[in-house]
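> Got a structure here, written out as structure tokens. Questions coming.
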Amino acid sequence: GKLKERITRLERENADLEHEIDTKHKDTSEIEAKLSQLEALNDGSKIQELEDKLRVKNRMLDDQNDSISSLKRTKERLERELNEAEKREDELTEQVEDLDLQKRKLEKEVDEVRDKLDSYQSEVHKANHILSEEKSQISSLTESIRKKDDKIKT
């Protein structure tokens with residue numbers, strides 16, 4: 001995204017600066033040619049003026065070379081950062097996929113445990129129902145025995 005845009009912008013600026021450098025080299029070559037002609041004519045003031053211009057252009061050229069080097073270093077650093085960020089993104093995506101798989105396994109286990117719990121609760125309900133019926137039968141038998149005992153006693 002933004003890193004790629006910055007890299008593209010820096011590459012464009014880099015190309016512009018390289019073009020300017022080529023232009024400055026041509027200017028410098030022309031000045032040096034004129035300087036040679038004037039030296040042949042031995043015109044001292046023109047030579048000094050051209051030497052001054054040449055010095056200024058050389059200084060500008062050095063500054064632009066420094067700028068280009070700096071931009072290239074920045075571009076390389078940004079490319080490294082982008083590669084590291086993409087690598088980290090891949091690692092995180094893999095971790096998310098692993099966690100998602102673990103989550104699905106746990107959800108399956110929870111469903112299985114719920115099914116077992118439902119089954120156990122159903123069994124407990126049936127057992128309680130049977131127990132209740134048996135208690136009721138015992139109660140009836142106990143009542144019946146008590147009545148017989150009462151008859152026997154009377």
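In the structure tokens, each chain is lettered A, B, ... as it comes, each chain's residues begin at 1, and ligands are numbered from 1 in order of appearance.
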Give me the stretch 46-97 of chain A side of the contact with stretch 7-27 of chain A, cut-off 7 Å, one line per residue showing its nearest atom pair and distance in Å at one decimal, counting only C-alpha atoms, sorted by chain and residue number, as a tab-separated table.


residue	atom	partner	partner_atom	distance
A:Lys57	CA	A:Lys24	CA	7.0
A:Leu61	CA	A:Ile21	CA	6.4
A:Gln64	CA	A:Leu17	CA	6.9
A:Ile68	CA	A:Asn14	CA	6.0
A:Leu71	CA	A:Leu10	CA	6.6
A:Lys75	CA	A:Ile7	CA	5.8

> Could you please take those selected residues and save all heavy atoms as a PDB file, in the first residue's frame?


ATOM      1  N   LYS A  57      28.258  24.241 -11.113  1.00  0.00           N
ATOM      2  CA  LYS A  57      27.552  23.081 -11.683  1.00  0.00           C
ATOM      3  C   LYS A  57      28.070  21.787 -11.072  1.00  0.00           C
ATOM      4  O   LYS A  57      27.285  20.872 -10.783  1.00  0.00           O
ATOM      5  CB  LYS A  57      27.698  23.061 -13.203  1.00  0.00           C
ATOM      6  CG  LYS A  57      26.996  24.223 -13.860  1.00  0.00           C
ATOM      7  CD  LYS A  57      26.253  23.792 -15.078  1.00  0.00           C
ATOM      8  CE  LYS A  57      25.556  25.007 -15.667  1.00  0.00           C
ATOM      9  NZ  LYS A  57      24.296  24.677 -16.256  1.00  0.00           N
ATOM     10  N   LEU A  61      25.918  19.115  -9.055  1.00  0.00           N
ATOM     11  CA  LEU A  61      25.970  17.712  -9.458  1.00  0.00           C
ATOM     12  C   LEU A  61      26.290  16.822  -8.260  1.00  0.00           C
ATOM     13  O   LEU A  61      25.651  15.778  -8.059  1.00  0.00           O
ATOM     14  CB  LEU A  61      27.034  17.550 -10.549  1.00  0.00           C
ATOM     15  CG  LEU A  61      26.979  16.336 -11.443  1.00  0.00           C
ATOM     16  CD1 LEU A  61      25.621  16.231 -12.117  1.00  0.00           C
ATOM     17  CD2 LEU A  61      28.081  16.407 -12.482  1.00  0.00           C
ATOM     18  N   GLN A  64      23.243  16.599  -6.068  1.00  0.00           N
ATOM     19  CA  GLN A  64      22.230  15.705  -6.651  1.00  0.00           C
ATOM     20  C   GLN A  64      22.656  14.241  -6.518  1.00  0.00           C
ATOM     21  O   GLN A  64      21.824  13.370  -6.261  1.00  0.00           O
ATOM     22  CB  GLN A  64      21.968  16.072  -8.112  1.00  0.00           C
ATOM     23  CG  GLN A  64      21.175  17.366  -8.226  1.00  0.00           C
ATOM     24  CD  GLN A  64      20.908  17.770  -9.655  1.00  0.00           C
ATOM     25  OE1 GLN A  64      21.523  17.248 -10.567  1.00  0.00           O
ATOM     26  NE2 GLN A  64      19.993  18.713  -9.833  1.00  0.00           N
ATOM     27  N   ILE A  68      20.485  11.397  -4.724  1.00  0.00           N
ATOM     28  CA  ILE A  68      20.137  10.118  -5.362  1.00  0.00           C
ATOM     29  C   ILE A  68      20.589   8.955  -4.485  1.00  0.00           C
ATOM     30  O   ILE A  68      19.845   7.996  -4.268  1.00  0.00           O
ATOM     31  CB  ILE A  68      20.755  10.030  -6.776  1.00  0.00           C
ATOM     32  CG1 ILE A  68      19.987  10.960  -7.718  1.00  0.00           C
ATOM     33  CG2 ILE A  68      20.726   8.593  -7.293  1.00  0.00           C
ATOM     34  CD1 ILE A  68      20.590  11.075  -9.091  1.00  0.00           C
ATOM     35  N   LEU A  71      18.209   8.684  -1.627  1.00  0.00           N
ATOM     36  CA  LEU A  71      16.927   8.137  -2.062  1.00  0.00           C
ATOM     37  C   LEU A  71      17.032   6.628  -2.329  1.00  0.00           C
ATOM     38  O   LEU A  71      16.123   5.867  -1.994  1.00  0.00           O
ATOM     39  CB  LEU A  71      16.431   8.852  -3.324  1.00  0.00           C
ATOM     40  CG  LEU A  71      15.941  10.290  -3.111  1.00  0.00           C
ATOM     41  CD1 LEU A  71      15.673  10.954  -4.455  1.00  0.00           C
ATOM     42  CD2 LEU A  71      14.697  10.317  -2.243  1.00  0.00           C
ATOM     43  N   LYS A  75      14.929   3.838  -0.462  1.00  0.00           N
ATOM     44  CA  LYS A  75      14.151   2.866  -1.232  1.00  0.00           C
ATOM     45  C   LYS A  75      14.508   1.443  -0.797  1.00  0.00           C
ATOM     46  O   LYS A  75      13.618   0.609  -0.573  1.00  0.00           O
ATOM     47  CB  LYS A  75      14.424   3.047  -2.722  1.00  0.00           C
ATOM     48  CG  LYS A  75      13.714   2.051  -3.589  1.00  0.00           C
ATOM     49  CD  LYS A  75      14.165   2.152  -5.035  1.00  0.00           C
ATOM     50  CE  LYS A  75      13.707   0.938  -5.807  1.00  0.00           C
ATOM     51  NZ  LYS A  75      14.563   0.614  -6.910  1.00  0.00           N
TER      52      LYS A  75
END

> A:Leu117, A:Ile47, A:Leu78, A:Ala33: which is nearest A:Glu5, counting only C-alpha atoms?

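Result for the nearest residue to A:Glu5: A:Leu78.
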